[in-house]
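Visitor: Take this structure first; my questions come after.
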Number of protein chains: 2
Amino acid sequence: MASVKISIIGAGSAIFSVRLTSDICKTKGLLGSVVTLMDVDKSRLDAAYALASQYAKDMKSDIQFKKTTNLEEAISGADFVINTALVGGHDFLEKMRKIGEKHGYYRGIDTQEFNMVSDYYTMTNWNQLSFFLKIAKMMENLSPNAWLLQAANPVFEGTTLISRTSKIKMVGFCHGHYAVNDMIDALGLEKEKVDWQVAGFNHAIWLTRFLYNGKDAYPILDEWIKKHSDGTTPKTPFNDQLSPAAIDTYNFYGRMPIGDTVRNSSWKYHYDLETKKRWYGEPWGGADSEIGWKWYENRLAEITTLTSKASELLRKNEDVKLSEALSANFSIIPADFAKEIKDFYDPSTLSGEQHIPFIDAIVNDHTGRFVVNILNNGVIAGIPDNVAVEIPAIVDKSGIHPEKVEPTLPERIVKWYLNPRMIRMEWALEAFEEKNPDLIVEMLLRDRRTSSYEQAKAVVDEIFKENS
Amino acid sequence: MASVKISIIGAGSAIFSVRLTSDICKTKGLLGSVVTLMDVDKSRLDAAYALASQYAKDMKSDIQFKKTTNLEEAISGADFVINTALVGGHDFLEKMRKIGEKHGYYRGIDTQEFNMVSDYYTMTNWNQLSFFLKIAKMMENLSPNAWLLQAANPVFEGTTLISRTSKIKMVGFCHGHYAVNDMIDALGLEKEKVDWQVAGFNHAIWLTRFLYNGKDAYPILDEWIKKHSDGTTPKTPFNDQLSPAAIDTYNFYGRMPIGDTVRNSSWKYHYDLETKKRWYGEPWGGADSEIGWKWYENRLAEITTLTSKASELLRKNEDVKLSEALSANFSIIPADFAKEIKDFYDPSTLSGEQHIPFIDAIVNDHTGRFVVNILNNGVIAGIPDNVAVEIPAIVDKSGIHPEKVEPTLPERIVKWYLNPRMIRMEWALEAFEEKNPDLIVEMLLRDRRTSSYEQAKAVVDEIFKENS
């Protein structure tokens with residue numbers, strides 16, 4: 001049992017904070033730890049604190065909780081800093097998206113080829129990138145030996161930027177690769193007999209290795225595709241791992257795109273709502289259409305309401321368990337969330353977030369396999385060393401040991417997808433580092449939605465006026 | 001005096017053949033050579049033969065001329081093969097462009113960001129690229145020690161493709177860099193006091209070094225720009241070295257684009273005719289607008305008529321000199337062409353084409369400075385070794401010795417211009433090598449003029465149906 005100090009920045013996402021807490025409570029080697037929740041939104045922070053600490057109490061786990069709205073306080077003396085904050089929140093994203101759409105940029109100017117995910121902005125949310133650097137700088141001074149676990153998007157740009165700029169230890173995390181399990185389930189395979197590997201960039205990963213009982217399992221996928229050529233009906237807007245878009249992408253690139261990669265496709269599937277519906281299924285047209293995204297925002301709002309009501313109830317009633325507090329308001333939350341709440345109390349089921357098992361591996365030498373974002377340094381051929389890649393790695397007390405990517409990524413993927421995606425990352429980082437909106441204009445001159453310099457200039461002027 | 005065998009493929013461009021002939025006649029070390037003119041168009045070949053041999057006769061030069069429509073015959077035993085042929089000619093280009101425009105692709109689908117030059121197709125004229133490889137293969141068998149001087153476009157794609165595929169000695173040539181002299185003249189500088197260097201890709205070169213009397217001359221250019229902020233009036237559609245487009249490009253990239261690079265800009269200057277006029281000047285809107293290109297085609301037609309009439313006259317009248325034969329029909333040719341005809345007879349003035357001085361350097365160790373296209377092999381940082389770059393080099397009997405690029409190309413140019421241009425080159429070559437029109441569709445999905453997959457598919461289907 002090791003007592004470490006874990007700080008969660010952006011902890012106001014209460015469910016995320018409870019998830020991590022539940023993982024800590026189920027990890028013997030981390031009992032006795034101090035968890036500091038930090039958020040600038042005091043009421044959301046209070047709710048998260050109430051929920052997480054009640055949960056630990058329910059589990060009779062020896063974890064000490066702190067809460068603060070002060071970043072310095074959270075970082076000072078930490079062993080692990082988990083950053084999950086979105087500066088400006090979804091309101092900022094929607095405000096900027098609206099300006100973009102006013103000027104003719106469907107789904108906003110940050111919606112770009114191979115970067116269609118609506119959750120974050122790579123081109124215009126400089127506050128988010130600045131915050132990343134602020135954390136890194138503060139860690140250099142206040143917790144120089146700590147690890148930064150970067151969960152906040154954009155993970156690709158963020159991990160690249162921080163790793164290039166700062167000497168702190170860091171790793172970027174995303175749970176997108178778990179979608180490989182959706183596929184394994186759909187194909188009717190037994191998980192423990194599958195040997196899989198993914199590689200690429202965050203939200204741009206590809207199933208490089210896919211073996212079943214030691215044999216190539218791609219023919220099984222091909223067979224499934226033949227049988228389901230009409231596509232399947234999505235259960236949620238995010239249910240796209242075997243969507244027509246995913247299969248068409250696979251046909252062109254030769255390997256299956258995994259997780260958010262399916263969303264991060266070219267304009268081919270995203271020209272308009274009708275096109276999105278065709279490729280990602282009815283009725284939403286995927287998570288990144290105006291309809292799918294509204295679904296997601298509503299769900300977020302429901303969960304915020306739920307956690308807020310649950311925290312009120314906990315404040316009034318000291319004897320209520322977290323699961324009861326959440327269930328009391330169960331009518332307002334999506335049914336599939338019920339399983340997650342139940343799982344919180346199952347000692348054998350972790351949340352699926354990689355953060356706590358990673359900390360356990362580092363602290364207690366509890367070796368594990370993770371999908372991490374780190375600088376390439378030769379792992380993927382054809383990609384520069386100083387660009388963050390997402391790859392499987394073995395992690396233990398001595399650190400992160402990337403697996404060899406085998407078989408390697410097909411050239412088709414490197415040349416036609418990763419390179420263009422990488423170029424946009426470099427442009428976005430240069431614009432941010434120079435604080436130069438002219439570079440954003442220049443990016444938009446290469447955008448299919450731009451019909452004149454004036455249009456690009458006008459949208460950038462308005463966005464950065466609002467944004468400054 | 002060395003007797004070498006020089007073969008010109010596509011010699012039916014009569015004036016180009018006369019230009020090279022005049023250079024040979026003025027190069028003592030190459031007298032006694034055999035020049036073989038090859039073209040598939042017999043009547044144009046006959047005209048070129050008549051003109052070139054009459055000119056050598058006028059000059060009393062010891063040059064032996066041969067003509068053939070057979071490629072094998074031209075290549076067999078050659079010491080130097082100069083390829084200037086455009087397979088399918090301008091008719092093919094215009095036919096394909098028309099199909100593109102029918103489907104909503106202004107100026108044709110090959111008109112792409114950083115590749116706006118209307119003279120050749122990189123994506124769809126596979127016959128041209130196949131012909132490049134056919135020549136190289138034939139040279140390996142029939143003249144394995146010969147040099148290939150690649151003047152035919154696309155020089156960037158062509159030099160890269162041939163150099164990667166074949167072991168023959170080769171160099172790509174373009175005269176675009178001479179536009180630096182237009183600039184030097186406009187600034188009122190004395191040529192011999194200017195020290196300049198260009199680097200980049202063909203039709204994508206940048207004035208990396210620009211010194212006057214050993215001092216940075218960019219401030220002189222900046223001063224000129226201040227004084228001429230209203231722009232200058234172009235004399236021809238090609239008169240763009242100091243156009244608003246050139247200056248705006250310079251402002252963004254930090255170095256001056258030279259020659260055809262000014263045309264090869266982003267959509268910013270090319271959205272439509274009105275935009276082109278604004279950036280390249282009235283009345284044409286540059287060489288690559290529908291008006292400017294018509295001007296160029298008319299001029300080509302005039303020159304073909306002129307050379308055809310001149311050759312008829314020479315056939316009838318053995319005593320007539322070439323200059324007289326051309327002057328007899330002078331009314332139909334552009335006035336500025338008169339100077340070139342006069343210069344043919346001036347022993348101290350070479351044509352400006354680099355081919356013959358290059359041959360002289362190789363054959364007679366007559367060392368010279370050239371702007372060549374060869375594989376990068378480390379000359380430009382950030383560009384792979386196996387990509388053709390256009391750079392200055394010293395050439396002598398022992399071969400091509402690239403100059404060090406000093407100062408280096410700014411990162412802005414490598415990241416924002418050369419890399420995206422290079423990616424399109426790689427895509428185009430892959431499509432050609434796989435003979436895979438689906439890859440052209442995929443390229444068009446990244447094109448600002450594409451609004452649906454169906455549009456891209458339809459235009460590619462029609463083009464490759466016509467093209468097969």
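As shown in the structure tokens, the chain order sets the letters A, B, ...; within each chain, residues go from 1, and ligands are also counted from 1 in the order they appear.
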Considering only C-alpha atoms, return as a PDB file with N, CA and C atoms, in the first residue's frame whatever protein or nucleic-acid residues lie within 12 Å of Lys235 of chain A, sequence-local ones (same chain, fewer than 4 positions apart) excluded.
Guide:
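New file result-v8.pdb:
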ATOM      1  N   ASN A 239     -22.446   4.684 -31.658  1.00  0.00           N
ATOM      2  CA  ASN A 239     -22.384   3.259 -31.955  1.00  0.00           C
ATOM      3  C   ASN A 239     -21.998   3.077 -33.434  1.00  0.00           C
ATOM      4  N   ASP A 240     -20.719   3.344 -33.747  1.00  0.00           N
ATOM      5  CA  ASP A 240     -20.325   3.434 -35.158  1.00  0.00           C
ATOM      6  C   ASP A 240     -19.164   2.515 -35.545  1.00  0.00           C
ATOM      7  N   GLN A 241     -18.716   1.656 -34.608  1.00  0.00           N
ATOM      8  CA  GLN A 241     -17.517   0.857 -34.896  1.00  0.00           C
ATOM      9  C   GLN A 241     -17.705  -0.061 -36.112  1.00  0.00           C
ATOM     10  N   LEU A 242     -18.937  -0.431 -36.408  1.00  0.00           N
ATOM     11  CA  LEU A 242     -19.175  -1.260 -37.589  1.00  0.00           C
ATOM     12  C   LEU A 242     -20.157  -0.582 -38.547  1.00  0.00           C
ATOM     13  N   SER A 243     -20.142   0.747 -38.520  1.00  0.00           N
ATOM     14  CA  SER A 243     -21.000   1.533 -39.402  1.00  0.00           C
ATOM     15  C   SER A 243     -20.511   1.433 -40.846  1.00  0.00           C
ATOM     16  N   TYR A 280     -23.370   6.930 -41.192  1.00  0.00           N
ATOM     17  CA  TYR A 280     -23.325   6.615 -39.758  1.00  0.00           C
ATOM     18  C   TYR A 280     -24.659   6.099 -39.229  1.00  0.00           C
ATOM     19  N   GLY A 281     -25.649   6.039 -40.089  1.00  0.00           N
ATOM     20  CA  GLY A 281     -26.928   5.451 -39.703  1.00  0.00           C
ATOM     21  C   GLY A 281     -27.960   6.471 -39.236  1.00  0.00           C
ATOM     22  N   GLU A 282     -29.229   6.079 -39.390  1.00  0.00           N
ATOM     23  CA  GLU A 282     -30.358   6.890 -38.936  1.00  0.00           C
ATOM     24  C   GLU A 282     -30.591   6.605 -37.446  1.00  0.00           C
ATOM     25  N   PRO A 283     -31.173   7.467 -36.673  1.00  0.00           N
ATOM     26  CA  PRO A 283     -31.638   8.791 -37.090  1.00  0.00           C
ATOM     27  C   PRO A 283     -30.606   9.914 -36.909  1.00  0.00           C
ATOM     28  N   TRP A 284     -29.451   9.591 -36.305  1.00  0.00           N
ATOM     29  CA  TRP A 284     -28.567  10.699 -35.893  1.00  0.00           C
ATOM     30  C   TRP A 284     -27.536  11.140 -36.935  1.00  0.00           C
ATOM     31  N   GLY A 285     -27.118  10.184 -37.768  1.00  0.00           N
ATOM     32  CA  GLY A 285     -26.006  10.511 -38.663  1.00  0.00           C
ATOM     33  C   GLY A 285     -24.707  10.633 -37.892  1.00  0.00           C
ATOM     34  N   GLY A 286     -24.575   9.800 -36.843  1.00  0.00           N
ATOM     35  CA  GLY A 286     -23.338   9.802 -36.054  1.00  0.00           C
ATOM     36  C   GLY A 286     -23.324  10.858 -34.977  1.00  0.00           C
ATOM     37  N   ALA A 287     -22.282  10.812 -34.142  1.00  0.00           N
ATOM     38  CA  ALA A 287     -22.191  11.699 -32.978  1.00  0.00           C
ATOM     39  C   ALA A 287     -21.933  13.147 -33.376  1.00  0.00           C
ATOM     40  N   GLY A 292     -26.844  14.315 -33.683  1.00  0.00           N
ATOM     41  CA  GLY A 292     -26.085  13.430 -32.804  1.00  0.00           C
ATOM     42  C   GLY A 292     -25.413  14.196 -31.675  1.00  0.00           C
ATOM     43  N   ASP A 336     -28.701   2.894 -19.922  1.00  0.00           N
ATOM     44  CA  ASP A 336     -27.430   2.170 -19.989  1.00  0.00           C
ATOM     45  C   ASP A 336     -26.427   2.665 -18.940  1.00  0.00           C
TER      46      ASP A 336
END
Visitor: Could you give me, as CSV, every chain A residue with an atom at most 10 Å from chain B, plus its closest atom pair and distance in Å to one decimal, counting only C-alpha atoms, rows ordered by chain then number?
Guide:
residue,atom,partner,partner_atom,distance
A:Glu113,CA,B:Arg446,CA,7.9
A:Phe252,CA,B:Asp438,CA,9.0
A:Ser266,CA,B:Leu445,CA,7.4
A:Trp267,CA,B:Leu445,CA,6.6
A:Lys268,CA,B:Tyr453,CA,5.8
A:Tyr269,CA,B:Tyr453,CA,8.5
A:His270,CA,B:Ser452,CA,9.2
A:Tyr271,CA,B:Ser451,CA,6.6
A:Asp272,CA,B:Ser452,CA,9.1
A:Thr275,CA,B:Ser452,CA,8.4
A:Arg412,CA,B:Glu430,CA,9.5
A:Lys415,CA,B:Ile423,CA,7.5
A:Trp416,CA,B:Trp427,CA,7.6
A:Asn419,CA,B:Ile423,CA,8.1
A:Pro420,CA,B:Pro420,CA,7.9
A:Ile423,CA,B:Lys415,CA,7.5
A:Arg424,CA,B:Trp416,CA,9.6
A:Glu426,CA,B:Lys415,CA,8.0
A:Trp427,CA,B:Trp416,CA,7.6
A:Glu430,CA,B:Arg412,CA,9.5
A:Asp438,CA,B:Phe252,CA,9.0
A:Leu439,CA,B:Phe252,CA,9.1
A:Glu442,CA,B:Lys268,CA,8.8
A:Met443,CA,B:Trp416,CA,9.1
A:Leu444,CA,B:Lys268,CA,9.8
A:Leu445,CA,B:Lys268,CA,6.2
A:Arg446,CA,B:Trp267,CA,7.3
A:Asp447,CA,B:Arg448,CA,6.3
A:Arg448,CA,B:Arg448,CA,3.5
A:Arg449,CA,B:Arg448,CA,6.7
A:Thr450,CA,B:Arg448,CA,7.6
A:Ser451,CA,B:Tyr271,CA,6.6
A:Ser452,CA,B:Lys268,CA,6.7
A:Tyr453,CA,B:Lys268,CA,5.8
A:Glu454,CA,B:Lys268,CA,9.5
A:Ala456,CA,B:Lys268,CA,9.9
Visitor: Assign secondary structure with DSSP using the backbone only, and return the residues of segment 33-129 of chain A in strand (DSSP E) as a list of chain:residue names.
Guide: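 Of segment 33-129 of chain A, only A:Val34, A:Val35, A:Thr36, A:Leu37, A:Met38, A:Gln64, A:Phe65, A:Lys66, A:Lys67, A:Thr68, A:Phe80, A:Val81, A:Ile82, A:Asn83 fall in strand (DSSP E).
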Visitor: Keeping only all heavy atoms, write the selected residues as a compact mmCIF listing (two decimals), in the first residue's frame.
Guide:
# COMPACT_ATOMS: atom_id res chain seq x y z
N VAL A 34 -4.11 10.25 -1.34
CA VAL A 34 -4.82 11.52 -1.21
C VAL A 34 -5.27 11.95 -2.61
O VAL A 34 -4.46 12.04 -3.52
CB VAL A 34 -3.91 12.61 -0.61
CG1 VAL A 34 -4.66 13.94 -0.50
CG2 VAL A 34 -3.36 12.17 0.73
N VAL A 35 -6.57 12.19 -2.76
CA VAL A 35 -7.11 12.61 -4.05
C VAL A 35 -7.57 14.06 -3.94
O VAL A 35 -8.45 14.37 -3.13
CB VAL A 35 -8.26 11.70 -4.50
CG1 VAL A 35 -8.89 12.23 -5.79
CG2 VAL A 35 -7.77 10.26 -4.68
N THR A 36 -6.98 14.90 -4.73
CA THR A 36 -7.39 16.32 -4.73
C THR A 36 -8.21 16.60 -5.98
O THR A 36 -7.74 16.39 -7.10
CB THR A 36 -6.16 17.24 -4.70
OG1 THR A 36 -5.38 16.91 -3.55
CG2 THR A 36 -6.56 18.70 -4.66
N LEU A 37 -9.44 17.05 -5.73
CA LEU A 37 -10.30 17.41 -6.85
C LEU A 37 -10.19 18.92 -7.07
O LEU A 37 -10.33 19.70 -6.13
CB LEU A 37 -11.75 17.03 -6.56
CG LEU A 37 -12.01 15.56 -6.15
CD1 LEU A 37 -13.50 15.34 -5.87
CD2 LEU A 37 -11.52 14.61 -7.24
N MET A 38 -9.93 19.31 -8.32
CA MET A 38 -9.82 20.75 -8.61
C MET A 38 -10.71 21.09 -9.79
O MET A 38 -10.74 20.37 -10.80
CB MET A 38 -8.36 21.08 -8.95
CG MET A 38 -8.09 22.56 -9.18
SD MET A 38 -8.27 23.01 -10.93
CE MET A 38 -8.59 24.76 -10.79
N GLN A 64 -8.21 9.78 1.20
CA GLN A 64 -8.47 11.12 1.72
C GLN A 64 -8.79 12.06 0.56
O GLN A 64 -8.07 12.08 -0.45
CB GLN A 64 -7.21 11.59 2.45
CG GLN A 64 -7.41 12.86 3.25
CD GLN A 64 -6.10 13.39 3.79
OE1 GLN A 64 -5.15 12.62 4.02
NE2 GLN A 64 -6.01 14.70 3.97
N PHE A 65 -9.90 12.79 0.66
CA PHE A 65 -10.28 13.70 -0.41
C PHE A 65 -10.03 15.15 -0.04
O PHE A 65 -10.25 15.55 1.10
CB PHE A 65 -11.77 13.52 -0.77
CG PHE A 65 -12.03 12.26 -1.51
CD1 PHE A 65 -12.37 11.10 -0.83
CD2 PHE A 65 -11.91 12.23 -2.89
CE1 PHE A 65 -12.59 9.92 -1.52
CE2 PHE A 65 -12.13 11.04 -3.59
CZ PHE A 65 -12.46 9.89 -2.91
N LYS A 66 -9.56 15.90 -1.03
CA LYS A 66 -9.48 17.36 -0.86
C LYS A 66 -10.16 18.00 -2.05
O LYS A 66 -10.27 17.38 -3.12
CB LYS A 66 -8.02 17.80 -0.82
CG LYS A 66 -7.25 17.29 0.38
CD LYS A 66 -5.85 17.87 0.42
CE LYS A 66 -5.12 17.42 1.69
NZ LYS A 66 -3.73 17.93 1.70
N LYS A 67 -10.61 19.22 -1.89
CA LYS A 67 -11.14 19.93 -3.06
C LYS A 67 -10.62 21.35 -3.05
O LYS A 67 -10.39 21.93 -1.99
CB LYS A 67 -12.66 19.89 -3.08
CG LYS A 67 -13.34 20.54 -1.89
CD LYS A 67 -14.85 20.53 -2.04
CE LYS A 67 -15.51 21.11 -0.78
NZ LYS A 67 -16.96 21.21 -0.87
N THR A 68 -10.42 21.88 -4.24
CA THR A 68 -9.91 23.24 -4.36
C THR A 68 -10.26 23.83 -5.72
O THR A 68 -10.40 23.09 -6.71
CB THR A 68 -8.38 23.29 -4.17
OG1 THR A 68 -7.94 24.65 -4.37
CG2 THR A 68 -7.65 22.40 -5.18
N PHE A 80 0.80 12.51 -9.10
CA PHE A 80 0.16 12.34 -10.40
C PHE A 80 -0.86 13.45 -10.61
O PHE A 80 -1.69 13.69 -9.72
CB PHE A 80 -0.53 10.97 -10.49
CG PHE A 80 0.45 9.83 -10.41
CD1 PHE A 80 0.78 9.25 -9.18
CD2 PHE A 80 1.06 9.34 -11.56
CE1 PHE A 80 1.70 8.21 -9.11
CE2 PHE A 80 1.98 8.30 -11.50
CZ PHE A 80 2.30 7.74 -10.26
N VAL A 81 -0.79 14.09 -11.76
CA VAL A 81 -1.77 15.12 -12.11
C VAL A 81 -2.55 14.61 -13.32
O VAL A 81 -1.96 14.32 -14.36
CB VAL A 81 -1.08 16.46 -12.45
CG1 VAL A 81 -2.11 17.49 -12.91
CG2 VAL A 81 -0.28 16.97 -11.25
N ILE A 82 -3.86 14.46 -13.13
CA ILE A 82 -4.71 14.01 -14.23
C ILE A 82 -5.47 15.23 -14.74
O ILE A 82 -6.26 15.82 -13.99
CB ILE A 82 -5.71 12.93 -13.75
CG1 ILE A 82 -4.93 11.72 -13.22
CG2 ILE A 82 -6.65 12.52 -14.88
CD1 ILE A 82 -5.81 10.68 -12.52
N ASN A 83 -5.24 15.61 -15.98
CA ASN A 83 -5.93 16.78 -16.51
C ASN A 83 -7.04 16.35 -17.45
O ASN A 83 -6.80 15.72 -18.48
CB ASN A 83 -4.96 17.70 -17.25
CG ASN A 83 -5.70 18.89 -17.85
OD1 ASN A 83 -6.78 19.27 -17.37
ND2 ASN A 83 -5.15 19.47 -18.91
Visitor: Could you write out, as a VMD selection string, all the residues of segment 141-268 of chain A that DSSP marks as helix (DSSP H, G or I)?
Guide: chain A and resid 141 to 142 155 to 165 176 to 186 191 to 193 218 to 227 244 to 253 259 to 262 267 to 268
Visitor: Would you pick out the contacts of Asp185 of chain A at 12 Å or less, using only C-alpha atoms, so that residues sharing its chain but fewer than 6 positions from it are not included, and give the list as a ChimeraX atom specification?
Guide: /A:178-179,191-192,194,221,224,241-242
Visitor: Could you dump the residues just selected with C-alpha atoms as a PDB file, in the first residue's frame?
Guide:
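again_29.pdb written:
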ATOM      1  CA  TYR A 178     -11.809   0.022 -26.288  1.00  0.00           C
ATOM      2  CA  ALA A 179     -14.110   0.092 -29.302  1.00  0.00           C
ATOM      3  CA  LYS A 191     -11.909 -11.720 -25.999  1.00  0.00           C
ATOM      4  CA  GLU A 192      -9.166 -13.762 -24.385  1.00  0.00           C
ATOM      5  CA  VAL A 194      -7.927 -12.247 -29.560  1.00  0.00           C
ATOM      6  CA  LEU A 221     -14.426  -9.467 -40.171  1.00  0.00           C
ATOM      7  CA  TRP A 224     -19.256 -10.384 -41.135  1.00  0.00           C
ATOM      8  CA  GLN A 241     -17.517   0.857 -34.896  1.00  0.00           C
ATOM      9  CA  LEU A 242     -19.175  -1.260 -37.589  1.00  0.00           C
TER      10      LEU A 242
END
Visitor: Excluding same-chain residues fewer than 5 positions from Val460 of chain A, what lies within 12 Å of it counting only C-alpha atoms, as a ChimeraX atom specification?
Guide: /A:96-97,99-100,102-103,105,108-110,123-124,436-445,450,453-455,465-468
Visitor: Mind dumping the selected residues with N, CA, C and O atoms as a short mmCIF file (atom, residue, chain, number, x, y, z; two decimals), in the first residue's frame?
Guide:
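Output file again_27.cif follows:
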data_model
loop_
_atom_site.label_atom_id
_atom_site.label_comp_id
_atom_site.auth_asym_id
_atom_site.auth_seq_id
_atom_site.Cartn_x
_atom_site.Cartn_y
_atom_site.Cartn_z
N MET A 96 -18.44 29.21 -30.62
CA MET A 96 -17.51 29.32 -31.74
C MET A 96 -18.07 28.61 -32.98
O MET A 96 -17.94 29.07 -34.09
N ARG A 97 -18.71 27.45 -32.71
CA ARG A 97 -19.28 26.69 -33.82
C ARG A 97 -20.36 27.51 -34.53
O ARG A 97 -20.43 27.52 -35.76
N ILE A 99 -20.55 30.78 -34.74
CA ILE A 99 -19.93 31.81 -35.58
C ILE A 99 -19.46 31.17 -36.89
O ILE A 99 -19.68 31.71 -37.97
N GLY A 100 -18.84 30.03 -36.79
CA GLY A 100 -18.37 29.34 -37.99
C GLY A 100 -19.52 29.07 -38.96
O GLY A 100 -19.42 29.37 -40.15
N LYS A 102 -22.35 30.56 -39.20
CA LYS A 102 -22.86 31.83 -39.74
C LYS A 102 -22.09 32.21 -41.01
O LYS A 102 -22.63 32.78 -41.94
N HIS A 103 -20.79 31.85 -41.02
CA HIS A 103 -19.95 32.22 -42.16
C HIS A 103 -19.83 31.10 -43.19
O HIS A 103 -18.95 31.14 -44.05
N TYR A 105 -19.40 27.67 -42.51
CA TYR A 105 -18.60 26.51 -42.13
C TYR A 105 -19.44 25.54 -41.30
O TYR A 105 -19.56 25.68 -40.08
N GLY A 108 -18.69 24.26 -37.80
CA GLY A 108 -17.61 25.09 -37.26
C GLY A 108 -16.30 24.93 -38.00
O GLY A 108 -16.07 23.93 -38.68
N ILE A 109 -15.43 25.92 -37.84
CA ILE A 109 -14.20 25.89 -38.64
C ILE A 109 -13.23 24.81 -38.18
O ILE A 109 -12.40 24.36 -38.95
N ASP A 110 -13.29 24.39 -36.91
CA ASP A 110 -12.36 23.37 -36.44
C ASP A 110 -12.71 21.97 -36.96
O ASP A 110 -11.91 21.05 -36.83
N MET A 123 -7.89 24.27 -33.63
CA MET A 123 -7.43 25.50 -34.28
C MET A 123 -7.68 26.75 -33.46
O MET A 123 -6.89 27.69 -33.50
N THR A 124 -8.79 26.79 -32.75
CA THR A 124 -9.19 28.08 -32.18
C THR A 124 -9.29 28.12 -30.65
O THR A 124 -9.43 29.20 -30.10
N ASN A 436 -1.10 33.65 -33.85
CA ASN A 436 -1.24 34.31 -35.13
C ASN A 436 -2.50 33.85 -35.87
O ASN A 436 -2.50 32.83 -36.55
N PRO A 437 -3.58 34.63 -35.76
CA PRO A 437 -4.83 34.24 -36.44
C PRO A 437 -4.68 34.18 -37.97
O PRO A 437 -5.45 33.51 -38.63
N ASP A 438 -3.68 34.90 -38.52
CA ASP A 438 -3.47 34.83 -39.98
C ASP A 438 -3.19 33.39 -40.43
O ASP A 438 -3.52 33.01 -41.55
N LEU A 439 -2.57 32.61 -39.55
CA LEU A 439 -2.29 31.22 -39.90
C LEU A 439 -3.58 30.40 -39.92
O LEU A 439 -3.70 29.44 -40.68
N ILE A 440 -4.53 30.79 -39.08
CA ILE A 440 -5.83 30.11 -39.12
C ILE A 440 -6.54 30.46 -40.43
O ILE A 440 -7.15 29.60 -41.08
N VAL A 441 -6.43 31.74 -40.83
CA VAL A 441 -6.99 32.13 -42.13
C VAL A 441 -6.35 31.28 -43.23
O VAL A 441 -7.05 30.73 -44.10
N GLU A 442 -5.05 31.16 -43.18
CA GLU A 442 -4.32 30.38 -44.19
C GLU A 442 -4.81 28.92 -44.21
O GLU A 442 -4.96 28.32 -45.26
N MET A 443 -5.06 28.37 -43.03
CA MET A 443 -5.60 27.00 -42.97
C MET A 443 -6.97 26.95 -43.65
O MET A 443 -7.27 25.99 -44.36
N LEU A 444 -7.76 27.98 -43.42
CA LEU A 444 -9.11 27.98 -44.00
C LEU A 444 -9.07 28.16 -45.52
O LEU A 444 -9.99 27.74 -46.22
N LEU A 445 -8.01 28.78 -46.02
CA LEU A 445 -7.89 28.90 -47.48
C LEU A 445 -7.73 27.53 -48.13
O LEU A 445 -7.92 27.35 -49.32
N THR A 450 -14.41 27.14 -47.96
CA THR A 450 -14.04 28.53 -48.21
C THR A 450 -14.16 28.87 -49.69
O THR A 450 -13.64 28.17 -50.54
N TYR A 453 -11.14 34.63 -49.87
CA TYR A 453 -10.28 35.07 -48.77
C TYR A 453 -11.11 35.85 -47.75
O TYR A 453 -10.95 35.69 -46.53
N GLU A 454 -12.02 36.68 -48.26
CA GLU A 454 -12.82 37.53 -47.38
C GLU A 454 -13.64 36.70 -46.39
O GLU A 454 -13.78 37.06 -45.22
N GLN A 455 -14.19 35.60 -46.88
CA GLN A 455 -14.98 34.72 -46.01
C GLN A 455 -14.11 34.17 -44.87
O GLN A 455 -14.50 34.21 -43.69
N LYS A 465 -12.06 37.78 -32.04
CA LYS A 465 -12.57 38.93 -31.30
C LYS A 465 -13.34 38.41 -30.06
O LYS A 465 -13.14 38.86 -28.94
N GLU A 466 -14.17 37.40 -30.30
CA GLU A 466 -14.95 36.79 -29.22
C GLU A 466 -14.06 36.04 -28.23
O GLU A 466 -14.41 35.83 -27.08
N ASN A 467 -12.93 35.59 -28.76
CA ASN A 467 -12.10 34.59 -28.10
C ASN A 467 -10.99 35.24 -27.27
O ASN A 467 -10.27 34.57 -26.56
N SER A 468 -10.84 36.58 -27.40
CA SER A 468 -9.66 37.21 -26.77
C SER A 468 -9.98 37.78 -25.39
O SER A 468 -11.12 37.76 -24.96
#
Visitor: At a cut-off of 12 Å, using only C-alpha atoms, what residues contact segment 314-330 of chain A? Leave out same-chain residues fewer than 2 positions from it and give the result as a PyMOL selection string.
Guide: chain A and resi 14-15+18+22+46-60+302-312+332-345
Visitor: Wanna dump the segment 385-410 of chain A-segment 156-177 of chain A contacts at 10 Å for me, each residue with its shortest atom pair and the distance in Å to one decimal, counting only C-alpha atoms, ordered by chain and number, as a tab-separated table?
Guide:
residue	atom	partner	partner_atom	distance
A:Asn386	CA	A:Arg164	CA	7.0
A:Val387	CA	A:Thr160	CA	5.5
A:Ala388	CA	A:Thr160	CA	4.9
A:Val389	CA	A:Phe156	CA	7.5
A:Glu390	CA	A:Gly172	CA	8.3
A:Ile391	CA	A:His177	CA	9.8
A:Pro392	CA	A:His177	CA	9.9
A:Gly399	CA	A:Lys169	CA	9.6
A:Ile400	CA	A:Val171	CA	9.0
